[in-house]
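Beneath this line is the structure, given in structure tokens, with notes to follow.
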Amino acid sequence: MGVHRVDAPDPRAATRAARRLLRDRSGPLHDADLLVIGDPYAFPAAWDAVARRPDLAVALEPTADPARRPAPADLAVVTPWYPSANNPLAGAFVPPTIGAVRADHPRISVLHTEDWPYRYDAPNVEAISVAADRLAARVGPVIEDTAAGEVTRVPVPISSKRDYAAWALGHVEAIRRTLPTGRIEAPLVHAHTGIYGGVVAQRLARPDARIIVTEHASFLYNIFKQPAARRLYEEALHRADVFLCVSQHLRNEIRDQFPHHAHKLRVIPNAIDFSDFTPRPKPPRDLLRWLYVGRLSTQKGVDRVLAAFLAIAAEEPAATLTLVGTGPLVDQIRAELARSPYGDRVDLRPAVPPAEVPELMRTHDLLVHASPAETFGMTVVEAVACGTPVLVAESLGPQETLGGLNGRAGLLVEISEDPAVLVEGYRELRKRIDELDLPAARASLVERYGRDAVAARLREVYAAPEPAPIEVTTPAAPAQVAAPAAAEVAPSGQDDPDAPRVVLVAISPPQFKVVRQYVRRLIERGYAVDVITNDPLQWRRSEVDKRVRLLRLDTAERKRPVLWTEQLFVYRAPGKALAVARKRARGKDALWPELVVSRLERGHASAARWFHTSVFYPGYRVVRSQVLWRIVRRDVLPKLDLARTERVVVAGVFGVSIGWQLGRLRPDLTVTTSLVPPEPVSP
């Protein structure tokens, strides 16, 4: 196999040079049967080659059977993180979790969507996106039969711009194209991470499938900051039968964001196969051989680990550090090692397969991790399992994982950006080396995270709950059948027709969680509640009590002439024209017509957004309250029982006019913005 190096000053020039090379009659493509696209930046050149050679097979990774597709399964595991040649350490917790329940499910299908990121500010970013989209239908997944089951790996090209909703939907489409029926053919789906796995499961699982989601992510705060991503996350949470978290603090974080789904949240940690992590014959004494295993990024604190080691190396001539992993700090670390007089004592290695990690643990004296945010801390547990002490930043994950073991398994130190904290922790740990009891610590961790312990808990959540028994009473004779006395009490899912009512006007309330909690308290106190809302889906996703009557305004509002006109002339008509133009551009082999349309679409989206926010909405905002009242007067008012309504509560400025108008219809009616519930209904 020959290597053809393309030298170019920038990505565009590199793409042009690659095209020329592939077009050359004597170039590497002239007698090739397969073109493998090695990274996202190769998509434009690859499309040019395919356009000229329609018979050319294309793949993102070599595979023995390009036509193979995922088979139906008893259990489908959907995950964005899974060990692969590109990242051997990614999702190392997934195979042990599968192994814990492997015997219960003969057919297991692992659907692994793997990010292929490219820079969002790359000069040829549009060409990459367009070419990747065109080639998506021609490239298939890599499917392998493994000990965990059938593993399907689907590379997903994504822009590096941090848009979690766009990324999640990209993963959904990648899996949808891969599945023969377009859906996950399994009665049980276990998805890892709400975004992406949970969204993929929610969108593609069969309607009758039981969905379990396990959350591991330490960056939920960033996801919840993005409204579109938060909405997708809540949809996945709403669809899931059970939502697992690998630690209590992670459960608390999700519960605080979505308290109405708290009943679905449970804590089940990652499963660890301790048989793979046999302890070393003797515990280390000197703690001079440091080890770090994981992603080389600032978020993992690896820069502080390196700085702390270099400080120790100055006073300990025998001290060494091994850094194992890949990530954005690789070049920075190499530069730091070149500058430091102790750089030759640091061994920088690429990521290794999970099977090689135990030996690394056993041949080093100390695992050091300084990540300020971890949800669990797999490598910490694995190190202790191998009999290797740990020096770890006291983030919430390790704090919980090593609960009761600080000083026995190693030392937890304060979270800090100052490497001196790690240095002092290291010195303290060396002084307390005789207090360590690694065998006892290992035994404690086996009880918590061993395969058998976790498997029992997973089987419990995998099993669908048995339906409640239905008691059937056969009357003695038809003539004796009468309405039961309990008919005076409203059955579940219906309000009591005689209960006093509260009308809640919730038009885009600024604090939805507070408003929903207020409704729950009203129901508990015996009130019937009518909610006038412009977003009924938000209420349904929040699993509001079925006795709450939702009176929607959104459909009628969208039909108002002023909104309909804006939608037609600002969005629909230009969008339709651009869609036709894109369809025609796609029919051409060259990329540039579609690139032109893509830029026009981006320009239209920007212009439409500016017009809506800067021109249309400021004017519509002035009259919106009157528009909404007219809808209420025509469609909602006939459904309200104002005679039995005790109060009208307004949440959101656009509901003020509605509340005022309702108050005019009944002057003695209490109209308020207070979310303090009235006294309970007297029996």
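Chain labels run A, B, ... following the order of the structure tokens; each chain numbers its residues from 1, and ligands are numbered from 1 in the order shown.
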
Do you know which residues are at most 9 Å from Arg644 in chain A counting only C-alpha atoms, after dropping those on the same chain fewer than 2 positions away, and could you put them as a PyMOL selection string?
chain A and resi 498-502+641-642+646

As a PDB file with N, CA and C atoms, in the first residue's frame, please: the residues near Val125 in chain A (cut-off 12 Å, only C-alpha atoms, same-chain neighbours under 6 positions excluded).
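Final file, result03.pdb:
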```pdb
ATOM      1  N   PRO A  11      -7.286  24.078   4.204  1.00  0.00           N
ATOM      2  CA  PRO A  11      -8.184  22.965   3.870  1.00  0.00           C
ATOM      3  C   PRO A  11      -8.725  23.009   2.446  1.00  0.00           C
ATOM      4  N   ARG A  12      -9.060  24.196   1.953  1.00  0.00           N
ATOM      5  CA  ARG A  12      -9.584  24.274   0.591  1.00  0.00           C
ATOM      6  C   ARG A  12      -8.532  23.801  -0.403  1.00  0.00           C
ATOM      7  N   THR A  15      -8.188  20.078  -0.265  1.00  0.00           N
ATOM      8  CA  THR A  15      -9.275  19.394  -0.976  1.00  0.00           C
ATOM      9  C   THR A  15      -9.032  19.416  -2.479  1.00  0.00           C
ATOM     10  N   PRO A  40     -13.804  13.461   8.306  1.00  0.00           N
ATOM     11  CA  PRO A  40     -14.814  14.320   7.675  1.00  0.00           C
ATOM     12  C   PRO A  40     -14.259  15.255   6.611  1.00  0.00           C
ATOM     13  N   TYR A  41     -13.020  15.665   6.771  1.00  0.00           N
ATOM     14  CA  TYR A  41     -12.453  16.628   5.822  1.00  0.00           C
ATOM     15  C   TYR A  41     -12.244  16.015   4.434  1.00  0.00           C
ATOM     16  N   ALA A  42     -12.341  14.678   4.347  1.00  0.00           N
ATOM     17  CA  ALA A  42     -12.163  14.003   3.064  1.00  0.00           C
ATOM     18  C   ALA A  42     -13.459  13.889   2.270  1.00  0.00           C
ATOM     19  N   PHE A  43     -14.595  14.268   2.852  1.00  0.00           N
ATOM     20  CA  PHE A  43     -15.877  14.094   2.166  1.00  0.00           C
ATOM     21  C   PHE A  43     -15.950  14.815   0.815  1.00  0.00           C
ATOM     22  N   PRO A  44     -15.539  16.091   0.699  1.00  0.00           N
ATOM     23  CA  PRO A  44     -15.654  16.750  -0.607  1.00  0.00           C
ATOM     24  C   PRO A  44     -14.872  16.040  -1.707  1.00  0.00           C
ATOM     25  N   PRO A 117     -16.323  14.595  14.386  1.00  0.00           N
ATOM     26  CA  PRO A 117     -16.450  16.058  14.394  1.00  0.00           C
ATOM     27  C   PRO A 117     -15.518  16.735  13.390  1.00  0.00           C
ATOM     28  N   TYR A 118     -16.007  17.834  12.840  1.00  0.00           N
ATOM     29  CA  TYR A 118     -15.165  18.706  12.014  1.00  0.00           C
ATOM     30  C   TYR A 118     -15.393  20.138  12.470  1.00  0.00           C
ATOM     31  N   ARG A 119     -14.393  20.974  12.297  1.00  0.00           N
ATOM     32  CA  ARG A 119     -14.451  22.339  12.819  1.00  0.00           C
ATOM     33  C   ARG A 119     -15.556  23.127  12.125  1.00  0.00           C
ATOM     34  N   ALA A 131     -21.339  17.294   1.134  1.00  0.00           N
ATOM     35  CA  ALA A 131     -20.795  16.028   0.630  1.00  0.00           C
ATOM     36  C   ALA A 131     -21.120  14.873   1.573  1.00  0.00           C
ATOM     37  N   ALA A 132     -21.037  15.126   2.893  1.00  0.00           N
ATOM     38  CA  ALA A 132     -21.360  14.076   3.870  1.00  0.00           C
ATOM     39  C   ALA A 132     -22.822  13.668   3.740  1.00  0.00           C
ATOM     40  N   PRO A 157     -20.907  12.311  11.047  1.00  0.00           N
ATOM     41  CA  PRO A 157     -20.196  13.583  10.881  1.00  0.00           C
ATOM     42  C   PRO A 157     -21.000  14.727  11.499  1.00  0.00           C
ATOM     43  N   ILE A 158     -20.373  15.502  12.387  1.00  0.00           N
ATOM     44  CA  ILE A 158     -21.057  16.625  13.023  1.00  0.00           C
ATOM     45  C   ILE A 158     -20.124  17.817  13.098  1.00  0.00           C
ATOM     46  N   SER A 159     -20.705  19.001  13.013  1.00  0.00           N
ATOM     47  CA  SER A 159     -19.936  20.231  13.191  1.00  0.00           C
ATOM     48  C   SER A 159     -19.532  20.356  14.653  1.00  0.00           C
ATOM     49  N   SER A 160     -18.374  20.928  14.899  1.00  0.00           N
ATOM     50  CA  SER A 160     -17.901  21.074  16.277  1.00  0.00           C
ATOM     51  C   SER A 160     -18.625  22.180  17.030  1.00  0.00           C
ATOM     52  N   LYS A 161     -19.475  22.949  16.349  1.00  0.00           N
ATOM     53  CA  LYS A 161     -20.252  23.981  17.038  1.00  0.00           C
ATOM     54  C   LYS A 161     -21.176  23.298  18.028  1.00  0.00           C
ATOM     55  N   LEU A 595     -23.985  24.114  -2.783  1.00  0.00           N
ATOM     56  CA  LEU A 595     -23.331  25.021  -1.834  1.00  0.00           C
ATOM     57  C   LEU A 595     -23.935  26.416  -1.926  1.00  0.00           C
ATOM     58  N   SER A 598     -27.195  26.253  -0.206  1.00  0.00           N
ATOM     59  CA  SER A 598     -26.972  26.160   1.233  1.00  0.00           C
ATOM     60  C   SER A 598     -26.695  27.531   1.835  1.00  0.00           C
ATOM     61  N   ARG A 599     -25.884  28.327   1.139  1.00  0.00           N
ATOM     62  CA  ARG A 599     -25.601  29.672   1.640  1.00  0.00           C
ATOM     63  C   ARG A 599     -26.841  30.558   1.589  1.00  0.00           C
TER      64      ARG A 599
END
```

Given only C-alpha atoms as the basis, pick out the residue of A:Val3, A:Ala122, A:Leu551, A:Ala14 nearest to Asp535 in chain A.
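Among A:Val3, A:Ala122, A:Leu551, A:Ala14, it is A:Leu551 that comes nearest to Asp535 in chain A.
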
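With distances restricted to only C-alpha atoms, A:Leu75 is the closest residue to Asp104 in chain A from A:Val6, A:Val213, A:Ala577, A:Leu75.
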
With only C-alpha atoms as the basis for distance, which of A:Ala90, A:Val514, A:Leu578, A:Ala556 is at the shortest distance from His260 in chain A?
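Answer, going by the shortest atom-to-atom distance: A:Val514.
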
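One distance worth recording is that between CA of Tyr620 in chain A and CA of Ala165 in chain A, which is 28.5 Å.
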
Could you pull out the residues in range 112-224 of chain A that DSSP calls strand (DSSP E) from the backbone, as a ChimeraX atom specification?
/A:112-118,142-146,149-159,188-192,210-215
